[in-house]
Amino acid sequence: MTALITGASSGIGRDMARVLAKKGVSLILVARRTEPMEALKNELSVPVEVISCDLSKKENIYELYGKLRDRKIDILINNAGFGVFGRFCDTDLDRETDMIATNVTAMHMMMKLFLRDMKERNSGYILNVASSAAFLPGPLFSSYYASKAYIHRLTQAVAYELKREGSKVYIGSLCPGPIKTNFDEVANVKFSLPMLSSEFVAEYAIKKMFAKQKVIVPGFSTKAGRVLAKLAPENLQMFFAYNTQRKKFGADEK
């Protein structure tokens, strides 16, 4: 089997590569930064191809697909993404649109392009990395939450289409809570909630992906939070999300 992983230079992407390598899966690693992926390649005992690619540019995605379309990609993990924290009117617009291009547009394009090939073969796995943020509105982190909701809802809808068609292709969304990665540095935030290890989330995600679980939620507290979010009215959801996020500004923030 061959797996294509985006955002593979650090965090969950890197650790999912390690988990799959232990299972004997060949890897194609994609990210902007080459050096961390080369270091990972040297660590692993399976065939690994490293591709440096800025997925925020549509033309790069088409070029990447053109390079790989004749290869049998058995697993696609759409993990590339980052967050932009702050009040909507205060955040940098260019940074935000880059985030939308990476989190939303790149995932959408990669999924569509490779899913068509998987459907023809009637086999394959696609795992889209969303977040527990997908379950809530996100004041003070609005665009990031919205991007993760897009990933999750699109994944659910396409998975249902495949089910109705009788397709054997799996597609699911991974919705973890806070994870110990460099995400907080990129988004310029500090998490106020307990964090899971990236290694645990990667192991859990791959296990549940092969079990064809459609929505993967690692960790008891995140599972409990999802249940509570379903029961709570939207105003209460927003109050909770706002008060969780505002702690990232500091103690004096109203």
# chains A, B, ... in the order shown; residues from 1 in each chain; ligands from 1
$ residues_around --residues "Thr97 of chain A" --least-positions-apart "5" --cutoff "10 Å" --atoms "only C-alpha atoms" --output "PyMOL selection string"
chain A and resi 56+84+92+102-103+143
$ residues_around --residues "Tyr125 of chain A" --least-positions-apart "4" --cutoff "8 Å" --atoms "only C-alpha atoms" --output "JSON, numbers by chain"
{"A": [74, 75, 76, 169, 170, 171, 209]}
$ write_last_selection --atoms "C-alpha atoms" --output "mmCIF file, in the first residue's frame"
data_model
loop_
_atom_site.group_PDB
_atom_site.id
_atom_site.type_symbol
_atom_site.label_atom_id
_atom_site.label_comp_id
_atom_site.auth_asym_id
_atom_site.auth_seq_id
_atom_site.Cartn_x
_atom_site.Cartn_y
_atom_site.Cartn_z
ATOM 1 C CA ASP A 74 -4.291 3.686 -1.502
ATOM 2 C CA ILE A 75 -4.499 6.202 1.354
ATOM 3 C CA LEU A 76 -4.839 9.979 1.234
ATOM 4 C CA VAL A 169 -14.000 3.672 -0.759
ATOM 5 C CA TYR A 170 -13.689 4.933 2.810
ATOM 6 C CA ILE A 171 -13.758 8.613 3.694
ATOM 7 C CA MET A 209 -9.446 4.685 9.765
#
$ residues_around --residues "Ile12 of chain A" --least-positions-apart "6" --cutoff "8 Å" --atoms "only C-alpha atoms" --output "VMD selection string"
chain A and resid 79 181 198 to 199 201 to 202
$ write_last_selection --atoms "N, CA and C atoms" --output "PDB file, in the first residue's frame"
ATOM      1  N   ASN A  79      -3.975  16.490   5.821  1.00  0.00           N
ATOM      2  CA  ASN A  79      -3.643  16.992   7.152  1.00  0.00           C
ATOM      3  C   ASN A  79      -3.136  18.433   7.145  1.00  0.00           C
ATOM      4  N   THR A 181       1.447  20.060  19.570  1.00  0.00           N
ATOM      5  CA  THR A 181       2.205  20.232  18.328  1.00  0.00           C
ATOM      6  C   THR A 181       2.655  21.684  18.263  1.00  0.00           C
ATOM      7  N   SER A 198       0.468  14.006  20.212  1.00  0.00           N
ATOM      8  CA  SER A 198       0.342  13.776  18.774  1.00  0.00           C
ATOM      9  C   SER A 198       0.478  12.293  18.448  1.00  0.00           C
ATOM     10  N   GLU A 199       1.340  11.605  19.176  1.00  0.00           N
ATOM     11  CA  GLU A 199       1.553  10.176  18.942  1.00  0.00           C
ATOM     12  C   GLU A 199       0.284   9.368  19.221  1.00  0.00           C
ATOM     13  N   VAL A 201      -2.848  10.470  19.212  1.00  0.00           N
ATOM     14  CA  VAL A 201      -3.875  10.804  18.216  1.00  0.00           C
ATOM     15  C   VAL A 201      -3.592  10.098  16.899  1.00  0.00           C
ATOM     16  N   ALA A 202      -2.331  10.057  16.489  1.00  0.00           N
ATOM     17  CA  ALA A 202      -1.959   9.394  15.232  1.00  0.00           C
ATOM     18  C   ALA A 202      -2.275   7.899  15.285  1.00  0.00           C
TER      19      ALA A 202
END
$ residues_around --residues "Val46 of chain A" --least-positions-apart "5" --cutoff "12 Å" --atoms "only C-alpha atoms" --output "ChimeraX atom specification"
/A:1-3,17-28,40-41
$ residues_around --residues "Ser132 of chain A" --least-positions-apart "3" --cutoff "8 Å" --atoms "only C-alpha atoms" --output "PyMOL selection string"
chain A and resi 135-136+175-177+217+222+226
$ select_by_dssp --residues "segment 129-244 of chain A" --states "strand (DSSP E or B)" --output "number ranges by chain"
A: 129, 170-174, 179-180, 196-197, 215-216
$ select_by_dssp --residues "segment 77-250 of chain A" --states "alpha helix (DSSP H)" --output "number ranges by chain"
A: 93-100, 107-121, 142-165, 183-187, 198-210, 220-231, 234-246
$ residues_around --residues "Phe88 of chain A" --least-positions-apart "3" --cutoff "8 Å" --atoms "only C-alpha atoms" --output "PyMOL selection string"
chain A and resi 91+140-143
$ atom_distance --atom1 "atom CA of Met111 of chain A" --atom2 "atom CA of Pro47 of chain A"
23.3 Å
$ residues_around --residues "Lys214 of chain A" --least-positions-apart "4" --cutoff "10 Å" --atoms "only C-alpha atoms" --output "NGL selection string"
:A and (127 or 155-156 or 159-160 or 170-174 or 208-209)
$ closest_residue --among "A:Tyr204, A:Asp98, A:Ala224, A:Asp117" --to "Asp70 of chain A" --atoms "only C-alpha atoms"
A:Asp117
$ decode --residues "segment 75-100 of chain A" --atoms "C-alpha atoms" --output "mmCIF file, in the first residue's frame"
data_model
loop_
_atom_site.group_PDB
_atom_site.id
_atom_site.type_symbol
_atom_site.label_atom_id
_atom_site.label_comp_id
_atom_site.auth_asym_id
_atom_site.auth_seq_id
_atom_site.Cartn_x
_atom_site.Cartn_y
_atom_site.Cartn_z
ATOM 1 C CA ILE A 75 -4.499 6.202 1.354
ATOM 2 C CA LEU A 76 -4.839 9.979 1.234
ATOM 3 C CA ILE A 77 -4.504 11.896 4.490
ATOM 4 C CA ASN A 78 -5.416 15.569 4.132
ATOM 5 C CA ASN A 79 -3.643 16.992 7.152
ATOM 6 C CA ALA A 80 -2.153 20.300 5.943
ATOM 7 C CA GLY A 81 -3.577 23.303 7.756
ATOM 8 C CA PHE A 82 -3.057 26.087 10.277
ATOM 9 C CA GLY A 83 -5.055 28.618 12.307
ATOM 10 C CA VAL A 84 -5.321 32.403 12.616
ATOM 11 C CA PHE A 85 -6.400 33.591 16.061
ATOM 12 C CA GLY A 86 -8.062 36.893 16.995
ATOM 13 C CA ARG A 87 -11.141 39.018 16.490
ATOM 14 C CA PHE A 88 -12.405 38.796 12.917
ATOM 15 C CA CYS A 89 -11.950 42.532 12.249
ATOM 16 C CA ASP A 90 -8.401 42.489 13.656
ATOM 17 C CA THR A 91 -6.850 39.455 11.973
ATOM 18 C CA ASP A 92 -4.647 39.854 8.908
ATOM 19 C CA LEU A 93 -6.733 39.271 5.767
ATOM 20 C CA ASP A 94 -3.908 37.863 3.639
ATOM 21 C CA ARG A 95 -2.926 35.427 6.365
ATOM 22 C CA GLU A 96 -6.559 34.416 6.746
ATOM 23 C CA THR A 97 -7.119 33.808 3.031
ATOM 24 C CA ASP A 98 -3.907 31.747 2.941
ATOM 25 C CA MET A 99 -5.389 29.680 5.771
ATOM 26 C CA ILE A 100 -8.656 29.161 3.871
#
